[in-house]
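Undergrad: So that you have it, the file is query-v5.txt, and it contains compact mmCIF, N, CA and C atoms:
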# COMPACT_ATOMS: atom_id res chain seq x y z
N MET A 60 87.85 92.34 90.83
CA MET A 60 88.74 92.76 91.89
C MET A 60 88.11 92.43 93.23
N ALA A 61 88.91 91.89 94.12
CA ALA A 61 88.42 91.48 95.43
C ALA A 61 88.29 92.67 96.37
N GLN A 62 87.42 92.52 97.36
CA GLN A 62 87.22 93.54 98.39
C GLN A 62 87.57 92.93 99.74
N LEU A 63 88.34 93.66 100.54
CA LEU A 63 88.65 93.23 101.89
C LEU A 63 87.56 93.70 102.85
N TYR A 64 87.24 92.84 103.81
CA TYR A 64 86.28 93.19 104.87
C TYR A 64 86.89 92.83 106.21
N MET A 65 86.66 93.70 107.20
CA MET A 65 87.00 93.39 108.57
C MET A 65 85.72 92.92 109.24
N GLN A 66 85.72 91.67 109.62
CA GLN A 66 84.56 91.08 110.30
C GLN A 66 84.83 91.16 111.80
N ARG A 67 83.88 91.71 112.52
CA ARG A 67 84.00 91.84 113.97
C ARG A 67 82.94 90.98 114.63
N PHE A 68 83.33 90.23 115.64
CA PHE A 68 82.34 89.49 116.41
C PHE A 68 82.59 89.71 117.89
N GLU A 69 81.50 89.99 118.58
CA GLU A 69 81.56 90.24 120.02
C GLU A 69 80.63 89.24 120.69
N TYR A 70 81.21 88.42 121.57
CA TYR A 70 80.45 87.38 122.23
C TYR A 70 79.33 87.94 123.09
N ARG A 71 78.21 87.23 123.08
CA ARG A 71 77.09 87.51 123.98
C ARG A 71 77.03 86.37 124.99
N PRO A 72 76.39 86.60 126.13
CA PRO A 72 76.26 85.50 127.08
C PRO A 72 75.51 84.32 126.47
N CYS A 73 76.06 83.14 126.61
CA CYS A 73 75.38 81.90 126.21
C CYS A 73 75.99 80.77 127.01
N ASP A 74 75.32 79.64 127.05
CA ASP A 74 75.86 78.54 127.84
C ASP A 74 77.06 77.91 127.13
N LYS A 75 77.90 77.25 127.89
CA LYS A 75 79.15 76.70 127.39
C LYS A 75 78.92 75.68 126.27
N ALA A 76 77.90 74.88 126.38
CA ALA A 76 77.63 73.87 125.34
C ALA A 76 77.31 74.53 124.00
N ALA A 77 76.50 75.58 124.02
CA ALA A 77 76.17 76.29 122.77
C ALA A 77 77.42 76.95 122.20
N PHE A 78 78.25 77.53 123.06
CA PHE A 78 79.49 78.15 122.63
C PHE A 78 80.42 77.12 121.98
N ASP A 79 80.61 76.00 122.65
CA ASP A 79 81.46 74.93 122.12
C ASP A 79 80.92 74.36 120.81
N ASP A 80 79.61 74.19 120.73
CA ASP A 80 79.00 73.69 119.50
C ASP A 80 79.24 74.64 118.33
N ALA A 81 79.08 75.94 118.58
CA ALA A 81 79.28 76.93 117.52
C ALA A 81 80.73 76.93 117.06
N TRP A 82 81.67 76.84 117.98
CA TRP A 82 83.07 76.80 117.58
C TRP A 82 83.41 75.48 116.89
N GLY A 83 82.71 74.40 117.22
CA GLY A 83 82.89 73.14 116.49
C GLY A 83 82.48 73.30 115.03
N VAL A 84 81.35 73.97 114.80
CA VAL A 84 80.89 74.25 113.44
C VAL A 84 81.90 75.14 112.73
N ALA A 85 82.39 76.17 113.42
CA ALA A 85 83.35 77.11 112.83
C ALA A 85 84.64 76.40 112.44
N ASN A 86 85.16 75.58 113.32
CA ASN A 86 86.40 74.86 113.03
C ASN A 86 86.24 73.87 111.88
N ALA A 87 85.09 73.20 111.82
CA ALA A 87 84.84 72.28 110.70
C ALA A 87 84.75 73.05 109.39
N ALA A 88 84.09 74.21 109.40
CA ALA A 88 84.00 75.03 108.19
C ALA A 88 85.38 75.50 107.76
N MET A 89 86.21 75.95 108.71
CA MET A 89 87.55 76.42 108.39
C MET A 89 88.40 75.30 107.80
N GLU A 90 88.29 74.11 108.37
CA GLU A 90 89.05 72.97 107.87
C GLU A 90 88.62 72.58 106.45
N LYS A 91 87.33 72.65 106.20
CA LYS A 91 86.77 72.23 104.92
C LYS A 91 87.00 73.26 103.81
N THR A 92 86.85 74.55 104.13
CA THR A 92 86.86 75.58 103.07
C THR A 92 87.92 76.66 103.24
N GLY A 93 88.56 76.73 104.40
CA GLY A 93 89.56 77.77 104.62
C GLY A 93 88.96 79.08 105.12
N ASN A 94 87.66 79.09 105.46
CA ASN A 94 87.03 80.27 106.03
C ASN A 94 85.91 79.83 106.97
N TRP A 95 85.54 80.71 107.88
CA TRP A 95 84.52 80.38 108.89
C TRP A 95 83.11 80.44 108.35
N GLY A 96 82.94 80.86 107.12
CA GLY A 96 81.61 80.95 106.53
C GLY A 96 81.23 79.77 105.67
N ASN A 97 82.13 78.78 105.57
CA ASN A 97 81.87 77.55 104.83
C ASN A 97 81.60 77.80 103.34
N VAL A 98 82.20 78.86 102.78
CA VAL A 98 82.02 79.20 101.37
C VAL A 98 83.15 78.54 100.58
N LYS A 99 82.77 77.71 99.61
CA LYS A 99 83.78 76.94 98.87
C LYS A 99 84.68 77.80 98.00
N THR A 100 84.13 78.81 97.33
CA THR A 100 84.94 79.71 96.52
C THR A 100 84.44 81.13 96.68
N GLY A 101 85.36 82.07 96.58
CA GLY A 101 84.97 83.47 96.61
C GLY A 101 85.24 84.20 97.91
N VAL A 102 85.59 83.47 98.98
CA VAL A 102 85.94 84.11 100.25
C VAL A 102 87.23 83.47 100.76
N THR A 103 88.21 84.32 101.06
CA THR A 103 89.49 83.85 101.59
C THR A 103 89.72 84.50 102.94
N HIS A 104 89.99 83.69 103.94
CA HIS A 104 90.32 84.18 105.27
C HIS A 104 91.79 84.58 105.24
N ARG A 105 92.06 85.86 105.53
CA ARG A 105 93.44 86.36 105.48
C ARG A 105 94.11 86.38 106.85
N TYR A 106 93.36 86.75 107.88
CA TYR A 106 93.96 86.85 109.21
C TYR A 106 92.88 86.90 110.27
N GLY A 107 93.17 86.40 111.44
CA GLY A 107 92.24 86.45 112.56
C GLY A 107 92.91 87.05 113.78
N PHE A 108 92.15 87.84 114.52
CA PHE A 108 92.61 88.44 115.76
C PHE A 108 91.60 88.05 116.83
N MET A 109 91.99 87.24 117.80
CA MET A 109 91.06 86.78 118.81
C MET A 109 91.36 87.45 120.15
N THR A 110 90.28 87.75 120.88
CA THR A 110 90.39 88.35 122.21
C THR A 110 89.44 87.61 123.15
N SER A 111 89.43 88.01 124.39
CA SER A 111 88.51 87.40 125.35
C SER A 111 87.07 87.81 125.09
N TRP A 112 86.83 88.94 124.44
CA TRP A 112 85.47 89.44 124.19
C TRP A 112 84.95 89.07 122.81
N GLY A 113 85.80 88.53 121.94
CA GLY A 113 85.42 88.22 120.56
C GLY A 113 86.63 88.30 119.68
N GLY A 114 86.53 89.08 118.59
CA GLY A 114 87.70 89.23 117.75
C GLY A 114 87.37 89.80 116.39
N TYR A 115 88.37 89.74 115.53
CA TYR A 115 88.26 90.25 114.17
C TYR A 115 88.78 89.21 113.20
N ALA A 116 88.23 89.20 112.01
CA ALA A 116 88.76 88.39 110.93
C ALA A 116 88.86 89.28 109.69
N LEU A 117 89.99 89.23 109.04
CA LEU A 117 90.16 89.94 107.78
C LEU A 117 89.87 88.94 106.66
N ILE A 118 88.85 89.22 105.86
CA ILE A 118 88.49 88.32 104.78
C ILE A 118 88.56 89.05 103.44
N GLU A 119 88.88 88.31 102.40
CA GLU A 119 88.90 88.83 101.04
C GLU A 119 87.75 88.19 100.29
N VAL A 120 86.90 89.02 99.69
CA VAL A 120 85.68 88.54 99.04
C VAL A 120 85.73 88.85 97.55
N GLU A 121 85.45 87.84 96.74
CA GLU A 121 85.51 87.98 95.28
C GLU A 121 84.20 88.46 94.66
N SER A 122 83.07 88.21 95.31
CA SER A 122 81.80 88.59 94.70
C SER A 122 80.74 88.85 95.78
N PRO A 123 79.73 89.65 95.44
CA PRO A 123 78.63 89.86 96.40
C PRO A 123 77.91 88.57 96.76
N ALA A 124 77.79 87.65 95.81
CA ALA A 124 77.12 86.37 96.09
C ALA A 124 77.90 85.57 97.14
N ALA A 125 79.22 85.58 97.06
CA ALA A 125 80.03 84.87 98.05
C ALA A 125 79.88 85.51 99.43
N LEU A 126 79.82 86.85 99.47
CA LEU A 126 79.64 87.53 100.76
C LEU A 126 78.27 87.20 101.35
N ARG A 127 77.24 87.18 100.52
CA ARG A 127 75.90 86.83 101.02
C ARG A 127 75.89 85.42 101.61
N GLU A 128 76.52 84.47 100.93
CA GLU A 128 76.59 83.09 101.42
C GLU A 128 77.35 83.03 102.74
N TYR A 129 78.45 83.75 102.82
CA TYR A 129 79.27 83.80 104.03
C TYR A 129 78.47 84.38 105.20
N MET A 130 77.79 85.49 104.94
CA MET A 130 77.00 86.14 105.99
C MET A 130 75.82 85.28 106.43
N ALA A 131 75.19 84.60 105.50
CA ALA A 131 74.05 83.73 105.84
C ALA A 131 74.50 82.58 106.74
N PHE A 132 75.65 81.99 106.44
CA PHE A 132 76.18 80.91 107.28
C PHE A 132 76.43 81.42 108.70
N HIS A 133 77.00 82.61 108.81
CA HIS A 133 77.26 83.19 110.13
C HIS A 133 75.96 83.43 110.88
N THR A 134 74.98 83.98 110.21
CA THR A 134 73.69 84.25 110.86
C THR A 134 73.06 82.95 111.35
N ASN A 135 73.10 81.93 110.53
CA ASN A 135 72.47 80.66 110.88
C ASN A 135 73.21 79.87 111.95
N ASN A 136 74.52 80.09 112.10
CA ASN A 136 75.30 79.25 113.00
C ASN A 136 75.91 79.97 114.21
N TYR A 137 76.09 81.28 114.12
CA TYR A 137 76.81 81.97 115.19
C TYR A 137 76.05 83.13 115.82
N ALA A 138 74.96 83.57 115.24
CA ALA A 138 74.27 84.78 115.72
C ALA A 138 73.71 84.62 117.13
N HIS A 139 73.48 83.39 117.57
CA HIS A 139 72.96 83.19 118.93
C HIS A 139 74.01 83.47 120.00
N MET A 140 75.29 83.53 119.60
CA MET A 140 76.35 83.70 120.58
C MET A 140 77.21 84.94 120.37
N ALA A 141 77.02 85.65 119.24
CA ALA A 141 77.87 86.80 118.97
C ALA A 141 77.15 87.83 118.11
N ASP A 142 77.47 89.09 118.36
CA ASP A 142 77.05 90.17 117.46
C ASP A 142 78.13 90.24 116.37
N ILE A 143 77.71 90.20 115.11
CA ILE A 143 78.65 90.11 114.00
C ILE A 143 78.43 91.29 113.06
N THR A 144 79.52 91.97 112.71
CA THR A 144 79.44 93.06 111.74
C THR A 144 80.52 92.86 110.68
N PHE A 145 80.28 93.45 109.51
CA PHE A 145 81.22 93.40 108.39
C PHE A 145 81.44 94.82 107.89
N ASP A 146 82.69 95.25 107.85
CA ASP A 146 83.03 96.58 107.37
C ASP A 146 84.05 96.48 106.24
N PRO A 147 83.79 97.15 105.11
CA PRO A 147 84.78 97.14 104.04
C PRO A 147 86.04 97.87 104.45
N VAL A 148 87.18 97.35 104.01
CA VAL A 148 88.46 97.96 104.28
C VAL A 148 88.89 98.68 103.01
N ILE A 149 89.21 99.95 103.15
CA ILE A 149 89.58 100.77 102.00
C ILE A 149 91.02 101.24 102.17
N ASP A 150 91.82 101.06 101.14
CA ASP A 150 93.21 101.48 101.14
C ASP A 150 93.29 102.92 100.62
N PHE A 151 93.42 103.87 101.51
CA PHE A 151 93.48 105.27 101.11
C PHE A 151 94.80 105.63 100.44
N ALA A 152 95.82 104.79 100.65
CA ALA A 152 97.12 105.06 100.05
C ALA A 152 97.17 104.66 98.56
N ALA A 153 96.27 103.77 98.16
CA ALA A 153 96.24 103.35 96.75
C ALA A 153 95.72 104.51 95.91
N GLY A 154 96.40 104.79 94.86
CA GLY A 154 96.03 105.96 94.11
C GLY A 154 95.34 105.70 92.87
The structure given in the file should be rewritten as structure tokens.

TA:
Amino acid sequence: MAQLYMQRFEYRPCDKAAFDDAWGVANAAMEKTGNWGNVKTGVTHRYGFMTSWGGYALIEVESPAALREYMAFHTNNYAHMADITFDPVIDFAAG
């Protein structure tokens, strides 16, 4: 059974070239795999909410290994420009 996570990222000050480079990596990953973490299987990007300060992404994760790979890619490629957190989403209405 898959688990939903709300990924939050809040931009930190960085120069425009570093920001543009990171988004270039993100867009290439999204085009290649359908998610910003460049994970081939096990992570599905469901929705994104972007703001001027950062944003949120709703992701569906099939396994802990896929989440680790997704998080490692983010740390290696985006941590210099954003604070990134992952919170599990729990459906309290499901019985």

Undergrad: Which of chain A counts as alpha helix (DSSP H) under DSSP, as number ranges by chain please?

TA: A: 75-92, 123-137

Undergrad: Residues within 8 Å of Asp142 (chain A), please, as an mmCIF file with N, CA and C atoms, in the coordinates of the input. Count all atoms listed in the file; anything in the same chain fewer than 2 positions from it doesn't count.

TA:
data_model
loop_
_atom_site.group_PDB
_atom_site.id
_atom_site.type_symbol
_atom_site.label_atom_id
_atom_site.label_comp_id
_atom_site.auth_asym_id
_atom_site.auth_seq_id
_atom_site.Cartn_x
_atom_site.Cartn_y
_atom_site.Cartn_z
ATOM 1 N N ARG A 67 83.880 91.710 112.520
ATOM 2 C CA ARG A 67 84.000 91.840 113.970
ATOM 3 C C ARG A 67 82.940 90.980 114.630
ATOM 4 N N PHE A 68 83.330 90.230 115.640
ATOM 5 C CA PHE A 68 82.340 89.490 116.410
ATOM 6 C C PHE A 68 82.590 89.710 117.890
ATOM 7 N N GLU A 69 81.500 89.990 118.580
ATOM 8 C CA GLU A 69 81.560 90.240 120.020
ATOM 9 C C GLU A 69 80.630 89.240 120.690
ATOM 10 N N TYR A 70 81.210 88.420 121.570
ATOM 11 C CA TYR A 70 80.450 87.380 122.230
ATOM 12 C C TYR A 70 79.330 87.940 123.090
ATOM 13 N N ARG A 71 78.210 87.230 123.080
ATOM 14 C CA ARG A 71 77.090 87.510 123.980
ATOM 15 C C ARG A 71 77.030 86.370 124.990
ATOM 16 N N TYR A 137 76.090 81.280 114.120
ATOM 17 C CA TYR A 137 76.810 81.970 115.190
ATOM 18 C C TYR A 137 76.050 83.130 115.820
ATOM 19 N N ALA A 138 74.960 83.570 115.240
ATOM 20 C CA ALA A 138 74.270 84.780 115.720
ATOM 21 C C ALA A 138 73.710 84.620 117.130
ATOM 22 N N HIS A 139 73.480 83.390 117.570
ATOM 23 C CA HIS A 139 72.960 83.190 118.930
ATOM 24 C C HIS A 139 74.010 83.470 120.000
ATOM 25 N N MET A 140 75.290 83.530 119.600
ATOM 26 C CA MET A 140 76.350 83.700 120.580
ATOM 27 C C MET A 140 77.210 84.940 120.370
ATOM 28 N N THR A 144 79.520 91.970 112.710
ATOM 29 C CA THR A 144 79.440 93.060 111.740
ATOM 30 C C THR A 144 80.520 92.860 110.680
ATOM 31 N N PHE A 145 80.280 93.450 109.510
ATOM 32 C CA PHE A 145 81.220 93.400 108.390
ATOM 33 C C PHE A 145 81.440 94.820 107.890
#

Undergrad: Neighbours of region 88-97 of chain A within 8 Å (all atoms listed in the file; same-chain residues fewer than 2 positions away dropped), as an MDAnalysis selection string?

TA: chainID A and resid 82:86 99:100 102:105 128:133

Undergrad: In terms of the shortest atom-to-atom distance over only N, CA and C atoms, which of A:Ala81, A:Ala87, A:Ile118, A:Thr110 is closest to Asn136 (chain A)?

TA: A:Ala81

Undergrad: Set up a box along x, y and z of the file covering all listed atoms of region 80-88 of chain A, add 6 Å on every one of the six sides, and write the centre and edge lengths in Å to one decimal, as lines of an AutoDock Vina configuration file.

TA:
center_x = 82.7
center_y = 74.7
center_z = 114.2
size_x = 19.4
size_y = 16.8
size_z = 25.0

Undergrad: To one decimal place, how far is atom N of Thr134 (chain A) from atom N of Met60 (chain A) in Å?

TA: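 Separation between atom N of Thr134 (chain A) and atom N of Met60 (chain A): 24.7 Å.
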
Undergrad: Find the residues near Leu63 (chain A): any atom within 7 Å, counting only N, CA and C atoms, skip ones fewer than 3 places away on the same chain, and give them as a ChimeraX atom specification.

TA: /A:117-120,146-149

Undergrad: Would you mind telling me which residue in A:Gly101, A:Tyr106, A:Ala77, A:Met65 lies nearest to Leu126 (chain A) when using all atoms listed in the file?

TA: A:Gly101

Undergrad: Which of chain A end up as strand (DSSP E or B) when DSSP is run on this backbone - answer as number ranges by chain?

TA: A: 62-70, 102-109, 113-120, 141-148

Undergrad: In Å, with one decimal, what is the gap from atom C of Asp79 (chain A) to CA of Tyr64 (chain A)?

TA: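 CA of Tyr64 (chain A) lies 25.2 Å from atom C of Asp79 (chain A).
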
Undergrad: What does the distance between CA of Ala116 (chain A) and CA of Cys73 (chain A) come to in Å, to one decimal place?

TA: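 About the pair CA of Ala116 (chain A) and CA of Cys73 (chain A): they are 21.3 Å apart.
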
Undergrad: For Ala61 (chain A), which residue out of A:Asp74, A:Ala141, A:Ala152, A:Glu121 is the nearest one, using only N, CA and C atoms?

TA: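 Checking each candidate against Ala61 (chain A), we get A:Glu121 as the closest.
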